[in-house]
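Just run00.txt here, compact mmCIF, C-alpha atoms:
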```txt
# COMPACT_ATOMS: atom_id res chain seq x y z
CA MET A 1 -75.23 -67.26 -184.78
CA GLY A 2 -71.64 -66.35 -185.69
CA GLY A 3 -71.89 -64.97 -189.29
CA THR A 4 -73.26 -66.07 -192.61
CA SER A 5 -73.14 -69.65 -193.96
CA ALA A 6 -70.24 -68.72 -196.26
CA GLU A 7 -68.31 -67.23 -193.35
CA ARG A 8 -68.93 -70.32 -191.21
CA ARG A 9 -67.75 -72.64 -194.04
CA ALA A 10 -64.63 -70.48 -194.51
CA ALA A 11 -63.94 -70.67 -190.78
CA LYS A 12 -64.21 -74.48 -190.85
CA VAL A 13 -61.81 -74.69 -193.80
CA GLU A 14 -59.34 -72.40 -192.03
CA THR A 15 -59.59 -74.52 -188.86
CA ARG A 16 -58.86 -77.70 -190.80
CA ARG A 17 -55.95 -75.99 -192.55
CA ASP A 18 -54.53 -74.80 -189.22
CA GLY A 19 -54.92 -78.31 -187.80
CA ALA A 20 -53.10 -79.82 -190.76
CA TRP A 21 -50.23 -77.34 -190.43
CA TYR A 22 -50.03 -78.03 -186.69
CA PHE A 23 -49.99 -81.80 -187.27
CA ARG A 24 -47.27 -81.45 -189.91
CA ASP A 25 -45.11 -79.30 -187.62
CA VAL A 26 -45.50 -81.77 -184.74
CA MET A 27 -44.53 -84.72 -186.94
CA ALA A 28 -41.49 -82.86 -188.30
CA ALA A 29 -40.34 -82.10 -184.76
CA LEU A 30 -40.90 -85.74 -183.77
CA ARG A 31 -38.89 -87.03 -186.73
CA SER A 32 -36.03 -84.69 -185.84
CA ALA A 33 -36.08 -85.86 -182.24
CA LEU A 34 -36.00 -89.53 -183.31
CA LEU A 35 -33.14 -88.82 -185.72
CA PHE A 36 -30.94 -87.40 -182.97
CA LEU A 37 -32.11 -89.74 -180.20
CA PRO A 38 -29.21 -92.23 -180.61
CA GLN A 39 -26.64 -89.42 -180.35
CA LEU A 40 -28.40 -87.96 -177.32
CA LEU A 41 -28.51 -91.34 -175.59
CA ALA A 42 -24.85 -92.00 -176.41
CA ALA A 43 -23.90 -88.64 -174.89
CA CYS A 44 -25.78 -89.50 -171.69
CA VAL A 45 -24.24 -92.97 -171.25
CA PRO A 46 -20.73 -92.91 -169.75
CA PRO A 47 -18.08 -94.75 -171.82
CA PRO A 48 -16.98 -98.21 -170.65
CA HIS A 49 -13.72 -98.81 -168.81
CA THR A 50 -11.07 -101.47 -169.19
CA CYS A 51 -9.67 -103.22 -166.12
CA ALA A 52 -6.11 -103.62 -164.90
CA PHE A 53 -6.73 -105.49 -161.62
CA GLU A 54 -9.18 -108.13 -160.43
CA ALA A 55 -10.30 -105.72 -157.71
CA GLU A 56 -11.86 -103.57 -160.45
CA CYS A 57 -14.12 -106.46 -161.51
CA GLY A 58 -15.76 -107.25 -158.18
CA ASN A 59 -15.93 -110.58 -156.35
CA ARG A 60 -17.47 -112.61 -159.18
CA ALA A 61 -15.17 -111.75 -162.08
CA VAL A 62 -11.52 -111.64 -163.05
CA CYS A 63 -9.64 -109.23 -165.30
CA VAL A 64 -8.55 -110.85 -168.59
CA ALA A 65 -6.81 -108.68 -171.20
CA GLY A 66 -8.57 -105.55 -170.02
CA ARG A 67 -12.06 -107.07 -169.69
CA CYS A 68 -13.93 -108.38 -166.66
CA VAL A 69 -14.85 -112.05 -167.18
CA THR A 70 -17.13 -113.98 -164.84
CA LYS A 71 -15.17 -116.47 -162.75
CA GLY A 72 -15.36 -119.92 -164.27
CA ALA A 73 -16.35 -118.60 -167.70
CA THR A 74 -14.19 -119.01 -170.79
CA ALA A 75 -12.79 -115.74 -172.08
CA ALA A 76 -13.25 -115.10 -175.79
CA ILE A 77 -9.51 -114.79 -176.32
CA ASP A 78 -8.87 -118.31 -174.95
CA THR A 79 -9.90 -119.84 -178.27
CA ALA A 80 -8.51 -117.06 -180.48
CA ARG A 81 -5.18 -116.52 -182.22
CA ARG A 82 -3.08 -113.58 -181.03
CA LEU A 83 -1.46 -111.28 -183.61
CA LEU A 84 0.86 -108.32 -183.03
CA PHE A 85 1.47 -105.52 -185.53
CA PRO A 86 4.07 -102.72 -185.28
CA PRO A 87 3.04 -99.17 -186.19
CA VAL A 88 3.68 -97.77 -189.64
CA GLU A 89 3.72 -94.18 -188.37
CA THR A 90 3.72 -92.46 -184.98
CA ALA A 91 3.84 -88.90 -183.68
CA TRP A 92 3.46 -86.88 -180.50
CA LEU A 93 2.07 -83.35 -180.34
CA ALA A 94 2.07 -80.85 -177.50
CA ARG A 95 1.35 -77.13 -177.50
CA ARG A 96 4.84 -76.29 -176.26
CA GLY A 97 6.52 -78.72 -178.66
CA GLY A 98 9.47 -80.94 -177.82
CA ASP A 99 13.22 -80.94 -178.23
CA ASP A 100 13.16 -84.38 -179.92
CA GLY A 101 10.68 -83.50 -182.65
CA PRO A 102 7.38 -85.29 -183.29
CA ASN A 103 8.76 -88.76 -182.45
CA PRO A 104 10.63 -88.67 -179.15
CA ALA A 105 11.77 -91.92 -177.52
CA ILE A 106 9.44 -91.25 -174.57
CA VAL A 107 6.15 -89.37 -174.66
CA THR A 108 4.08 -88.06 -171.79
CA LEU A 109 0.31 -87.82 -171.70
CA GLY A 110 -1.71 -86.10 -169.03
CA ARG A 111 1.15 -83.91 -167.85
CA ALA A 112 -0.09 -80.44 -166.96
CA ALA A 113 2.95 -78.73 -168.52
CA ASP A 114 2.23 -80.30 -171.92
CA ALA A 115 -1.18 -78.62 -172.29
CA GLY A 116 -3.25 -81.45 -173.74
CA ALA A 117 -0.57 -83.43 -175.56
CA ILE A 118 -1.77 -86.27 -177.81
CA ALA A 119 -0.04 -89.27 -179.40
CA LEU A 120 -0.86 -90.38 -182.94
CA VAL A 121 -0.39 -93.87 -184.34
CA ARG A 122 -1.32 -95.69 -187.53
CA PHE A 123 -1.18 -99.43 -188.21
CA ALA A 124 -1.44 -101.57 -191.33
CA ALA A 125 -3.05 -104.87 -190.32
CA GLU A 126 -3.98 -106.84 -193.41
CA LEU A 127 -6.37 -109.68 -192.60
CA PRO A 128 -8.34 -112.06 -194.81
CA ALA A 129 -11.95 -110.95 -195.26
CA GLU A 130 -13.26 -114.03 -193.44
CA THR A 131 -11.16 -113.34 -190.31
CA LYS A 132 -13.23 -112.39 -187.27
CA VAL A 133 -11.67 -109.93 -184.82
CA ILE A 134 -12.64 -110.94 -181.27
CA GLU A 135 -10.61 -108.36 -179.38
CA ALA A 136 -8.32 -105.50 -180.40
CA TYR A 137 -5.99 -103.41 -178.25
CA ILE A 138 -3.16 -100.94 -178.53
CA LEU A 139 -0.35 -102.02 -176.21
CA ILE A 140 2.13 -99.43 -174.95
CA GLU A 141 5.00 -100.04 -172.58
CA ARG A 142 5.46 -97.59 -169.74
CA ALA A 143 8.79 -95.89 -169.07
CA ALA A 144 9.71 -97.66 -165.85
CA ASP A 145 12.57 -95.38 -164.78
CA ILE A 146 10.49 -92.17 -164.69
CA ASP A 147 8.74 -91.11 -161.49
CA VAL A 148 4.95 -91.06 -161.63
CA ASP A 149 2.63 -88.81 -159.68
CA PRO A 150 0.19 -90.73 -157.42
CA GLN A 151 -2.69 -89.07 -159.26
CA PRO A 152 -4.07 -91.59 -161.83
CA ILE A 153 -4.53 -90.59 -165.46
CA THR A 154 -7.20 -91.94 -167.80
CA LEU A 155 -6.23 -92.68 -171.40
CA TYR A 156 -8.50 -93.49 -174.33
CA PRO A 157 -8.32 -93.70 -178.14
CA GLU A 158 -10.02 -91.33 -180.57
CA ARG A 159 -10.44 -91.66 -184.31
CA ILE A 160 -8.16 -89.51 -186.51
CA VAL A 161 -10.35 -87.85 -189.14
CA ASP A 162 -7.73 -86.28 -191.46
CA PRO A 163 -4.62 -87.56 -193.28
CA TRP A 164 -1.35 -86.76 -191.50
CA ASP A 165 2.38 -87.06 -192.00
CA SER A 166 4.66 -87.20 -188.97
CA THR A 167 7.41 -85.28 -190.82
CA SER A 168 5.28 -82.16 -191.25
CA LEU A 169 3.12 -82.10 -188.13
CA SER A 170 2.92 -79.30 -185.61
CA TRP A 171 0.45 -78.30 -182.94
CA GLY A 172 -1.13 -75.83 -185.35
CA ARG A 173 -1.32 -78.43 -188.16
CA ALA A 174 -2.67 -81.34 -186.14
CA PRO A 175 -5.30 -83.56 -187.81
CA ARG A 176 -8.82 -83.44 -186.46
CA ILE A 177 -9.80 -86.19 -184.04
CA GLN A 178 -13.19 -87.60 -183.06
CA ASP A 179 -14.34 -89.09 -179.76
CA VAL A 180 -16.10 -92.38 -180.58
CA GLY A 181 -16.99 -93.36 -177.01
CA ALA A 182 -14.16 -95.88 -176.71
CA ALA A 183 -13.40 -97.56 -173.40
CA ARG A 184 -11.33 -95.58 -170.92
CA THR A 185 -8.19 -97.04 -169.33
CA ARG A 186 -7.26 -95.77 -165.88
CA VAL A 187 -3.50 -95.76 -165.37
CA SER A 188 -2.03 -95.39 -161.90
CA ARG A 189 1.41 -95.81 -160.35
CA SER A 190 0.66 -99.50 -159.63
CA SER A 191 -1.07 -100.39 -162.91
CA GLY A 192 1.81 -102.47 -164.27
CA PRO A 193 4.32 -102.14 -167.11
CA LEU A 194 1.83 -102.26 -170.01
CA VAL A 195 -1.04 -99.95 -170.91
CA ARG A 196 -3.82 -101.61 -172.91
CA LEU A 197 -6.31 -99.45 -174.87
CA GLU A 198 -9.39 -101.17 -176.34
CA VAL A 199 -9.87 -100.41 -180.07
CA ARG A 200 -12.06 -103.24 -181.40
CA ASP A 201 -14.71 -100.97 -182.93
CA LEU A 202 -12.05 -98.80 -184.55
CA VAL A 203 -10.35 -101.83 -186.08
CA LYS A 204 -13.66 -103.03 -187.49
CA ARG A 205 -14.14 -99.60 -189.02
CA TRP A 206 -10.66 -99.72 -190.58
CA ARG A 207 -11.49 -103.04 -192.20
CA ARG A 208 -14.65 -101.60 -193.76
CA ARG A 209 -13.20 -98.28 -194.91
CA GLY A 210 -9.57 -99.17 -195.67
CA SER A 211 -7.50 -96.20 -196.86
CA ARG A 212 -10.19 -93.75 -195.73
CA GLU A 213 -9.16 -94.33 -192.10
CA PHE A 214 -6.11 -92.52 -190.67
CA GLY A 215 -5.31 -94.16 -187.36
CA VAL A 216 -5.75 -93.45 -183.67
CA ALA A 217 -5.06 -90.51 -181.39
CA ILE A 218 -4.33 -91.41 -177.77
CA VAL A 219 -5.78 -88.79 -175.46
CA ALA A 220 -5.48 -88.18 -171.72
CA GLU A 221 -8.38 -87.35 -169.46
CA GLY A 222 -7.20 -85.52 -166.35
CA GLU A 223 -3.80 -84.06 -165.52
CA SER A 224 -1.04 -84.45 -162.97
CA ALA A 225 2.42 -82.99 -162.39
CA THR A 226 4.14 -85.90 -164.18
CA GLY A 227 1.40 -87.49 -166.29
CA ILE A 228 2.13 -90.94 -167.73
CA ALA A 229 5.44 -91.60 -169.52
CA LEU A 230 5.31 -94.13 -172.38
CA LEU A 231 8.01 -95.72 -174.51
CA TRP A 232 7.31 -94.46 -178.01
CA ALA A 233 10.08 -94.62 -180.61
CA PRO A 234 11.66 -96.68 -181.99
CA GLY A 235 9.20 -99.54 -181.85
CA GLY A 236 6.53 -97.77 -179.87
CA PRO A 237 2.99 -99.08 -179.48
CA ARG A 238 1.75 -102.34 -180.97
CA LEU A 239 -1.64 -103.42 -182.24
CA GLU A 240 -2.77 -106.61 -180.49
CA LEU A 241 -5.50 -108.60 -182.21
CA TYR A 242 -7.28 -111.76 -181.13
CA VAL A 243 -8.84 -113.38 -184.17
CA LEU A 244 -10.72 -116.48 -185.30
```
Is it possible to express this structure as structure tokens?
Amino acid sequence: MGGTSAERRAAKVETRRDGAWYFRDVMAALRSALLFLPQLLAACVPPPHTCAFEAECGNRAVCVAGRCVTKGATAAIDTARRLLFPPVETAWLARRGGDDGPNPAIVTLGRAADAGAIALVRFAAELPAETKVIEAYILIERAADIDVDPQPITLYPERIVDPWDSTSLSWGRAPRIQDVGAARTRVSRSSGPLVRLEVRDLVKRWRRRGSREFGVAIVAEGESATGIALLWAPGGPRLELYVL
């Protein structure tokens, strides 16, 4: 009947031991899956987009400061105070470099010849701890006298992970940047004189982490013959906050 009593008891013990090991392995795999589930879901969900025209919001909404607001509703910024901050440091990096150094008067993003150029900017926006940030944007003026290819370019902000100094930057010494799923801004020939990039979550992170944050990299998605030309230095981009 399948061996002696001792052998049968040993077989039962071994079966229970195998079952326990199997259960432990399954639970470990499940915990790992749950740990990475938020990242997996974030990777599957496309990032949001800002608007530039009412046509991008459909028939029941209007475009207000880059966001679609239902017609008749009160936009959050209507009751907020608007603040503008100049940059404390800016830079532009391209693989081929530039004749005007890291801070040219005009920068281009999304131009095929620049091989993935990025613009770096850092702000110092000191706010009282009780201030609530309703909306936050980086505003950049377009270079109006430069021809633009009909092909639209999408711009978005990424978090700069490492410290950087505009006086010693090069393509090979660029700081690391991190995609945080920020809203994309589609810029076309008819998009208007200002580009608005949504950075509310990044600003909230700056306020929590202070000196451990190193600013924003502006990145292009897609390429064209001309890309998008932006007025950069002096002055350059501004941080636009709506606060309560």
* Selection: 9 Å around A:Ala144, all atoms listed in the file, excl. self and same-chain fewer than 2 positions, as an MDAnalysis selection string -> chainID A and resid 141:142 146:147 193 229:230
* **Spatial neighbours of stretch 200-216 of chain A, max dist 12 Å, all atoms listed in the file, sep filter under 4 positions, as a ChimeraX atom specification** => /A:87-92,118-138,156-165,175-183,196,237-243
* What is the distance between atom CA of A:Gly66 and atom CA of A:Val107, in Å to one decimal? ->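 Rounded to one decimal, the two atoms are 22.4 Å apart.
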* Could you check how far atom CA of A:Thr50 sits from atom CA of A:Val187, in Å to one decimal? =>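 Computing it gives 10.2 Å between the two atoms.
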* **Separation of atom CA of A:Cys68 from atom CA of A:Leu197 in Å** =>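 Answer for the atom CA of A:Leu197 to atom CA of A:Cys68 separation: 14.3 Å.
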* Asked: Which polymer residues have any atom within 12 Å of an atom of A:Ala117, counting all atoms listed in the file, with same-chain residues fewer than 4 positions away left out, as number ranges by chain?
  -> A: 91-98, 102, 107-113, 155, 170-171, 174, 217-223, 227-229
* Find, counting only C-alpha atoms, the residue in A:Val195, A:Leu169, A:Ala143, A:Ala80 that gets nearest to A:Cys51. => A:Val195
* Please provide the set of residues having any atom within 12 Å of stretch 56-59 of chain A, restricted to all atoms listed in the file, with same-chain residues fewer than 3 positions apart removed, written as a PyMOL selection string. => chain A and resi 49-53+62-64+66-71+185-186+191
